[in-house]
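start20.cif follows (mmCIF, C-alpha atoms):
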```cif
data_protein
#
loop_
_atom_site.group_PDB
_atom_site.id
_atom_site.type_symbol
_atom_site.label_atom_id
_atom_site.label_comp_id
_atom_site.auth_asym_id
_atom_site.auth_seq_id
_atom_site.Cartn_x
_atom_site.Cartn_y
_atom_site.Cartn_z
ATOM 1 C CA MET A 1 0.000 0.000 0.000
ATOM 2 C CA LEU A 2 2.811 2.405 0.903
ATOM 3 C CA GLY A 3 4.426 1.749 -2.483
ATOM 4 C CA ILE A 4 1.220 2.700 -4.302
ATOM 5 C CA LEU A 5 0.896 5.906 -2.289
ATOM 6 C CA LYS A 6 4.535 6.787 -3.012
ATOM 7 C CA ASP A 7 3.973 6.213 -6.748
ATOM 8 C CA ILE A 8 0.905 8.461 -6.749
ATOM 9 C CA ASP A 9 2.766 11.077 -4.690
ATOM 10 C CA SER A 10 5.754 11.067 -7.043
ATOM 11 C CA ILE A 11 3.461 11.959 -9.952
ATOM 12 C CA MET A 12 0.751 14.124 -8.389
ATOM 13 C CA TYR A 13 2.737 16.225 -5.924
ATOM 14 C CA TYR A 14 5.710 16.885 -8.119
ATOM 15 C CA PRO A 15 5.616 17.875 -10.874
ATOM 16 C CA ILE A 16 1.867 18.197 -11.472
ATOM 17 C CA LEU A 17 0.591 19.938 -8.321
ATOM 18 C CA LEU A 18 3.565 22.243 -7.779
ATOM 19 C CA VAL A 19 3.682 23.291 -11.422
ATOM 20 C CA ILE A 20 -0.070 23.965 -11.634
ATOM 21 C CA LEU A 21 -0.119 25.914 -8.358
ATOM 22 C CA GLY A 22 3.024 27.831 -9.335
ATOM 23 C CA PHE A 23 1.612 28.850 -12.716
ATOM 24 C CA ALA A 24 -1.767 29.727 -11.174
ATOM 25 C CA ALA A 25 -0.056 31.916 -8.567
ATOM 26 C CA LEU A 26 2.011 33.651 -11.243
ATOM 27 C CA TYR A 27 -1.043 34.092 -13.483
ATOM 28 C CA PHE A 28 -3.160 35.589 -10.680
ATOM 29 C CA THR A 29 -0.292 37.847 -9.587
ATOM 30 C CA LEU A 30 0.067 39.242 -13.104
ATOM 31 C CA ARG A 31 -3.687 39.367 -13.730
ATOM 32 C CA THR A 32 -4.311 41.321 -10.497
ATOM 33 C CA ARG A 33 -1.258 43.525 -11.146
ATOM 34 C CA PHE A 34 0.513 42.368 -7.951
ATOM 35 C CA VAL A 35 -2.476 42.810 -5.639
ATOM 36 C CA GLN A 36 -0.389 41.531 -2.725
ATOM 37 C CA VAL A 37 1.905 44.563 -3.085
ATOM 38 C CA ARG A 38 -0.557 47.227 -4.294
ATOM 39 C CA HIS A 39 -3.043 46.695 -1.475
ATOM 40 C CA PHE A 40 -0.677 45.774 1.354
ATOM 41 C CA LYS A 41 -1.094 49.095 3.170
ATOM 42 C CA GLU A 42 -4.885 48.917 2.817
ATOM 43 C CA SER A 43 -4.959 45.344 4.121
ATOM 44 C CA LEU A 44 -3.087 46.426 7.255
ATOM 45 C CA ARG A 45 -5.548 49.271 7.781
ATOM 46 C CA ILE A 46 -8.542 46.961 7.449
ATOM 47 C CA ILE A 47 -7.120 44.362 9.840
ATOM 48 C CA PHE A 48 -7.093 46.868 12.687
ATOM 49 C CA GLU A 49 -10.466 48.432 11.828
ATOM 50 C CA LYS A 50 -13.084 48.136 14.572
ATOM 51 C CA PRO A 51 -16.447 46.574 13.625
ATOM 52 C CA SER A 52 -19.481 48.864 13.592
ATOM 53 C CA ASP A 53 -21.569 46.406 15.628
ATOM 54 C CA ASP A 54 -20.458 44.781 18.890
ATOM 55 C CA ARG A 55 -21.850 41.432 17.722
ATOM 56 C CA ALA A 56 -20.055 41.593 14.372
ATOM 57 C CA VAL A 57 -16.875 39.727 13.578
ATOM 58 C CA SER A 58 -13.896 42.073 13.345
ATOM 59 C CA SER A 59 -11.531 41.973 10.390
ATOM 60 C CA PHE A 60 -8.798 40.668 12.664
ATOM 61 C CA GLN A 61 -11.044 37.842 13.907
ATOM 62 C CA ALA A 62 -11.936 36.937 10.314
ATOM 63 C CA LEU A 63 -8.227 36.913 9.421
ATOM 64 C CA MET A 64 -7.439 34.576 12.320
ATOM 65 C CA VAL A 65 -10.203 32.129 11.336
ATOM 66 C CA SER A 66 -9.017 32.227 7.727
ATOM 67 C CA THR A 67 -5.417 31.654 8.791
ATOM 68 C CA ALA A 68 -6.430 28.767 11.044
ATOM 69 C CA SER A 69 -8.237 27.105 8.151
ATOM 70 C CA ARG A 70 -5.210 27.465 5.864
ATOM 71 C CA VAL A 71 -2.332 26.676 8.208
ATOM 72 C CA GLY A 72 -2.307 23.385 10.048
ATOM 73 C CA THR A 73 0.079 20.800 11.370
ATOM 74 C CA GLY A 74 0.799 19.697 7.808
ATOM 75 C CA ASN A 75 2.245 23.112 7.055
ATOM 76 C CA ILE A 76 4.295 23.132 10.232
ATOM 77 C CA VAL A 77 5.672 19.634 9.686
ATOM 78 C CA GLY A 78 6.096 20.337 5.971
ATOM 79 C CA VAL A 79 8.152 23.472 6.605
ATOM 80 C CA SER A 80 10.357 21.768 9.164
ATOM 81 C CA THR A 81 10.843 18.784 6.858
ATOM 82 C CA ALA A 82 11.717 21.050 3.935
ATOM 83 C CA ILE A 83 14.283 22.929 6.015
ATOM 84 C CA CYS A 84 15.794 19.690 7.389
ATOM 85 C CA LEU A 85 16.024 18.015 3.993
ATOM 86 C CA GLY A 86 16.385 21.001 1.656
ATOM 87 C CA GLY A 87 18.423 23.429 3.686
ATOM 88 C CA PRO A 88 18.373 27.214 3.295
ATOM 89 C CA GLY A 89 17.305 26.990 -0.349
ATOM 90 C CA ALA A 90 13.983 25.518 0.762
ATOM 91 C CA VAL A 91 13.248 28.656 2.784
ATOM 92 C CA PHE A 92 13.871 30.830 -0.284
ATOM 93 C CA TRP A 93 11.469 28.788 -2.448
ATOM 94 C CA MET A 94 8.809 28.717 0.265
ATOM 95 C CA TRP A 95 8.948 32.505 0.611
ATOM 96 C CA LEU A 96 8.860 32.975 -3.157
ATOM 97 C CA LEU A 97 5.858 30.683 -3.608
ATOM 98 C CA ALA A 98 4.122 32.259 -0.591
ATOM 99 C CA PHE A 99 4.548 35.717 -2.120
ATOM 100 C CA PHE A 100 3.023 34.715 -5.448
ATOM 101 C CA GLY A 101 0.497 32.398 -3.770
ATOM 102 C CA ALA A 102 -0.952 35.361 -1.897
ATOM 103 C CA SER A 103 -2.692 36.403 -5.117
ATOM 104 C CA SER A 104 -4.297 32.947 -5.360
ATOM 105 C CA ALA A 105 -5.601 33.322 -1.806
ATOM 106 C CA PHE A 106 -6.929 36.777 -2.724
ATOM 107 C CA MET A 107 -8.770 35.350 -5.748
ATOM 108 C CA GLU A 108 -10.216 32.518 -3.677
ATOM 109 C CA SER A 109 -11.491 34.949 -1.041
ATOM 110 C CA THR A 110 -12.874 37.279 -3.709
ATOM 111 C CA LEU A 111 -14.826 34.441 -5.333
ATOM 112 C CA ALA A 112 -16.208 33.482 -1.916
ATOM 113 C CA GLN A 113 -17.438 37.059 -1.393
ATOM 114 C CA ILE A 114 -18.949 37.365 -4.864
ATOM 115 C CA TYR A 115 -20.877 34.087 -4.678
ATOM 116 C CA LYS A 116 -21.893 34.030 -1.002
ATOM 117 C CA LYS A 117 -25.594 33.654 -0.233
ATOM 118 C CA LYS A 118 -27.784 35.228 2.430
ATOM 119 C CA ASN A 119 -30.148 33.203 4.575
ATOM 120 C CA LYS A 120 -33.473 35.039 4.279
ATOM 121 C CA GLU A 121 -34.685 33.894 7.702
ATOM 122 C CA THR A 122 -31.633 34.721 9.831
ATOM 123 C CA GLY A 123 -29.894 37.316 7.669
ATOM 124 C CA GLU A 124 -26.605 35.424 7.990
ATOM 125 C CA TYR A 125 -24.322 34.755 5.037
ATOM 126 C CA PHE A 126 -22.962 31.398 3.955
ATOM 127 C CA GLY A 127 -20.886 30.126 1.082
ATOM 128 C CA GLY A 128 -17.479 28.799 0.168
ATOM 129 C CA PRO A 129 -15.735 26.955 -2.641
ATOM 130 C CA ALA A 130 -18.568 24.507 -3.327
ATOM 131 C CA TYR A 131 -20.983 27.410 -3.763
ATOM 132 C CA TYR A 132 -18.811 29.368 -6.158
ATOM 133 C CA ILE A 133 -17.928 26.239 -8.122
ATOM 134 C CA GLU A 134 -21.643 25.568 -8.548
ATOM 135 C CA GLN A 135 -22.506 29.200 -9.382
ATOM 136 C CA ALA A 136 -19.507 30.226 -11.503
ATOM 137 C CA LEU A 137 -19.024 26.962 -13.401
ATOM 138 C CA HIS A 138 -22.744 26.092 -13.395
ATOM 139 C CA SER A 139 -21.882 22.569 -12.323
ATOM 140 C CA LYS A 140 -23.477 20.755 -9.428
ATOM 141 C CA PHE A 141 -21.359 17.732 -10.353
ATOM 142 C CA PHE A 142 -18.014 19.501 -9.769
ATOM 143 C CA ALA A 143 -19.349 21.184 -6.624
ATOM 144 C CA GLY A 144 -20.507 17.817 -5.266
ATOM 145 C CA ALA A 145 -17.220 16.155 -6.214
ATOM 146 C CA PHE A 146 -15.343 18.955 -4.444
ATOM 147 C CA VAL A 147 -17.393 18.425 -1.277
ATOM 148 C CA ILE A 148 -16.880 14.648 -1.313
ATOM 149 C CA PHE A 149 -13.123 14.962 -1.857
ATOM 150 C CA LEU A 150 -12.915 17.657 0.826
ATOM 151 C CA ILE A 151 -14.648 15.415 3.362
ATOM 152 C CA LEU A 152 -12.338 12.523 2.479
ATOM 153 C CA THR A 153 -9.298 14.784 2.666
ATOM 154 C CA TYR A 154 -10.191 16.182 6.087
ATOM 155 C CA GLY A 155 -11.313 12.809 7.434
ATOM 156 C CA VAL A 156 -8.421 10.706 6.187
ATOM 157 C CA GLY A 157 -5.890 12.506 4.022
ATOM 158 C CA PHE A 158 -4.637 15.251 6.311
ATOM 159 C CA ASN A 159 -4.187 12.862 9.233
ATOM 160 C CA MET A 160 -2.208 10.436 7.091
ATOM 161 C CA LEU A 161 -0.138 13.244 5.580
ATOM 162 C CA CYS A 162 0.767 14.737 8.958
ATOM 163 C CA SER A 163 1.760 11.414 10.489
ATOM 164 C CA TYR A 164 3.713 10.389 7.378
ATOM 165 C CA ASN A 165 5.580 13.704 7.231
ATOM 166 C CA LEU A 166 6.472 13.509 10.901
ATOM 167 C CA GLN A 167 7.728 9.939 10.835
ATOM 168 C CA SER A 168 9.578 10.392 7.527
ATOM 169 C CA THR A 169 11.534 13.262 9.060
ATOM 170 C CA PHE A 170 12.961 10.874 11.667
ATOM 171 C CA ILE A 171 14.301 8.449 9.033
ATOM 172 C CA GLU A 172 17.430 10.581 8.806
ATOM 173 C CA TYR A 173 18.322 9.939 12.460
ATOM 174 C CA SER A 174 20.109 6.859 13.784
ATOM 175 C CA PHE A 175 17.721 6.318 16.717
ATOM 176 C CA TYR A 176 14.713 5.846 14.419
ATOM 177 C CA ASN A 177 13.512 2.300 13.823
ATOM 178 C CA ALA A 178 10.457 2.064 11.547
ATOM 179 C CA HIS A 179 9.931 -1.624 12.407
ATOM 180 C CA HIS A 180 9.669 -0.783 16.114
ATOM 181 C CA ILE A 181 7.169 2.006 15.407
ATOM 182 C CA LEU A 182 4.923 -0.368 13.420
ATOM 183 C CA LEU A 183 4.984 -2.907 16.261
ATOM 184 C CA VAL A 184 3.895 -0.247 18.749
ATOM 185 C CA LEU A 185 1.057 0.954 16.493
ATOM 186 C CA PHE A 186 -0.324 -2.481 15.691
#
```

Please lay out the structure from this file as structure tokens.
Amino acid sequence: MLGILKDIDSIMYYPILLVILGFAALYFTLRTRFVQVRHFKESLRIIFEKPSDDRAVSSFQALMVSTASRVGTGNIVGVSTAICLGGPGAVFWMWLLAFFGASSAFMESTLAQIYKKKNKETGEYFGGPAYYIEQALHSKFFAGAFVIFLILTYGVGFNMLCSYNLQSTFIEYSFYNAHHILLVLF
């Protein structure tokens, strides 16, 4: 099973996923005329803006929820693994991709705002990627597929990825014994 997952990973993660995400980030950066630079000062101003209503979510609170949904243990373990295995060059590439990837995050958030819906009974808003996939692409199939894959990813994929990244980091050290770890787990 591990061999199959490694084969899939060697094709899907690199080169396919990294290349697609890299080109998308570059495309959105150029298309938005470097929105991450042009609106940096405005974004700082908005973060510290007080909400008009005491019951409303502040911009800072919204930023923290958004950050929590984007950054998890996989990112933390992934960064530490990249630094351990890739050295200082890994930090450079992570910063470079993060800079250009900011425009992708901006586009994703913009689509969520454009296609959000309002609950007529409560007045609250709801939405997200499944909603804008359905509305913008006019495809319930792709929206449903996105939801199913998202549930599978959160339920199984992220947990497996985090544990795999953590244990694979220890392979480089002499005290690590994969056979002993498997005996403890099973």

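Excluding region 160-167 of chain A itself and same-chain residues fewer than 2 positions from it, the residues having an atom within 7 Å of it are Thr73, Gly74, Val77, Gly78, Val156, Gly157, Phe158, Thr169, Phe170 and Ile171 of chain A, counting all atoms listed in the file.
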
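Take CA of Ser104 (chain A) and CA of Phe28 (chain A): the distance between them is 6.0 Å.
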
Residues picked by the PyMOL selection byres ((chain A and resi 22) around 12) here, as a JSON list (two decimals) with C-alpha atoms, in the frame of the given file?
```json
[["chain", "number", "residue", "atom", "x", "y", "z"],
["A", 14, "TYR", "CA", 5.71, 16.89, -8.12],
["A", 15, "PRO", "CA", 5.62, 17.88, -10.87],
["A", 16, "ILE", "CA", 1.87, 18.20, -11.47],
["A", 17, "LEU", "CA", 0.59, 19.94, -8.32],
["A", 18, "LEU", "CA", 3.56, 22.24, -7.78],
["A", 19, "VAL", "CA", 3.68, 23.29, -11.42],
["A", 20, "ILE", "CA", -0.07, 23.96, -11.63],
["A", 21, "LEU", "CA", -0.12, 25.91, -8.36],
["A", 23, "PHE", "CA", 1.61, 28.85, -12.72],
["A", 24, "ALA", "CA", -1.77, 29.73, -11.17],
["A", 25, "ALA", "CA", -0.06, 31.92, -8.57],
["A", 26, "LEU", "CA", 2.01, 33.65, -11.24],
["A", 27, "TYR", "CA", -1.04, 34.09, -13.48],
["A", 28, "PHE", "CA", -3.16, 35.59, -10.68],
["A", 29, "THR", "CA", -0.29, 37.85, -9.59],
["A", 93, "TRP", "CA", 11.47, 28.79, -2.45],
["A", 94, "MET", "CA", 8.81, 28.72, 0.26],
["A", 96, "LEU", "CA", 8.86, 32.98, -3.16],
["A", 97, "LEU", "CA", 5.86, 30.68, -3.61],
["A", 98, "ALA", "CA", 4.12, 32.26, -0.59],
["A", 99, "PHE", "CA", 4.55, 35.72, -2.12],
["A", 100, "PHE", "CA", 3.02, 34.72, -5.45],
["A", 101, "GLY", "CA", 0.50, 32.40, -3.77],
["A", 102, "ALA", "CA", -0.95, 35.36, -1.90],
["A", 103, "SER", "CA", -2.69, 36.40, -5.12],
["A", 104, "SER", "CA", -4.30, 32.95, -5.36]]
```

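For the atom pair formed by CA of Glu42 (chain A) and CA of Trp95 (chain A), the distance is 21.6 Å, given to one decimal.
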
What does the structure give for the distance between CA of Ile151 (chain A) and CA of Ser109 (chain A), in Å to one decimal?
20.3 Å

For the provided coordinates, the residues matched by the PyMOL selection byres ((chain A and resi 146) around 12) should be stated as a compact mmCIF listing (two decimals) with C-alpha atoms, in the coordinates of the input.
```txt
# COMPACT_ATOMS: atom_id res chain seq x y z
CA GLY A 128 -17.48 28.80 0.17
CA PRO A 129 -15.74 26.96 -2.64
CA ALA A 130 -18.57 24.51 -3.33
CA TYR A 131 -20.98 27.41 -3.76
CA TYR A 132 -18.81 29.37 -6.16
CA ILE A 133 -17.93 26.24 -8.12
CA GLU A 134 -21.64 25.57 -8.55
CA SER A 139 -21.88 22.57 -12.32
CA LYS A 140 -23.48 20.76 -9.43
CA PHE A 141 -21.36 17.73 -10.35
CA PHE A 142 -18.01 19.50 -9.77
CA ALA A 143 -19.35 21.18 -6.62
CA GLY A 144 -20.51 17.82 -5.27
CA ALA A 145 -17.22 16.16 -6.21
CA VAL A 147 -17.39 18.42 -1.28
CA ILE A 148 -16.88 14.65 -1.31
CA PHE A 149 -13.12 14.96 -1.86
CA LEU A 150 -12.92 17.66 0.83
CA ILE A 151 -14.65 15.42 3.36
CA LEU A 152 -12.34 12.52 2.48
CA THR A 153 -9.30 14.78 2.67
```

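Each of A:Leu5, A:Leu44, A:Ala136, A:Val79 was checked against Leu63 (chain A) using only C-alpha atoms; the smallest atom-to-atom distance is that of A:Leu44.
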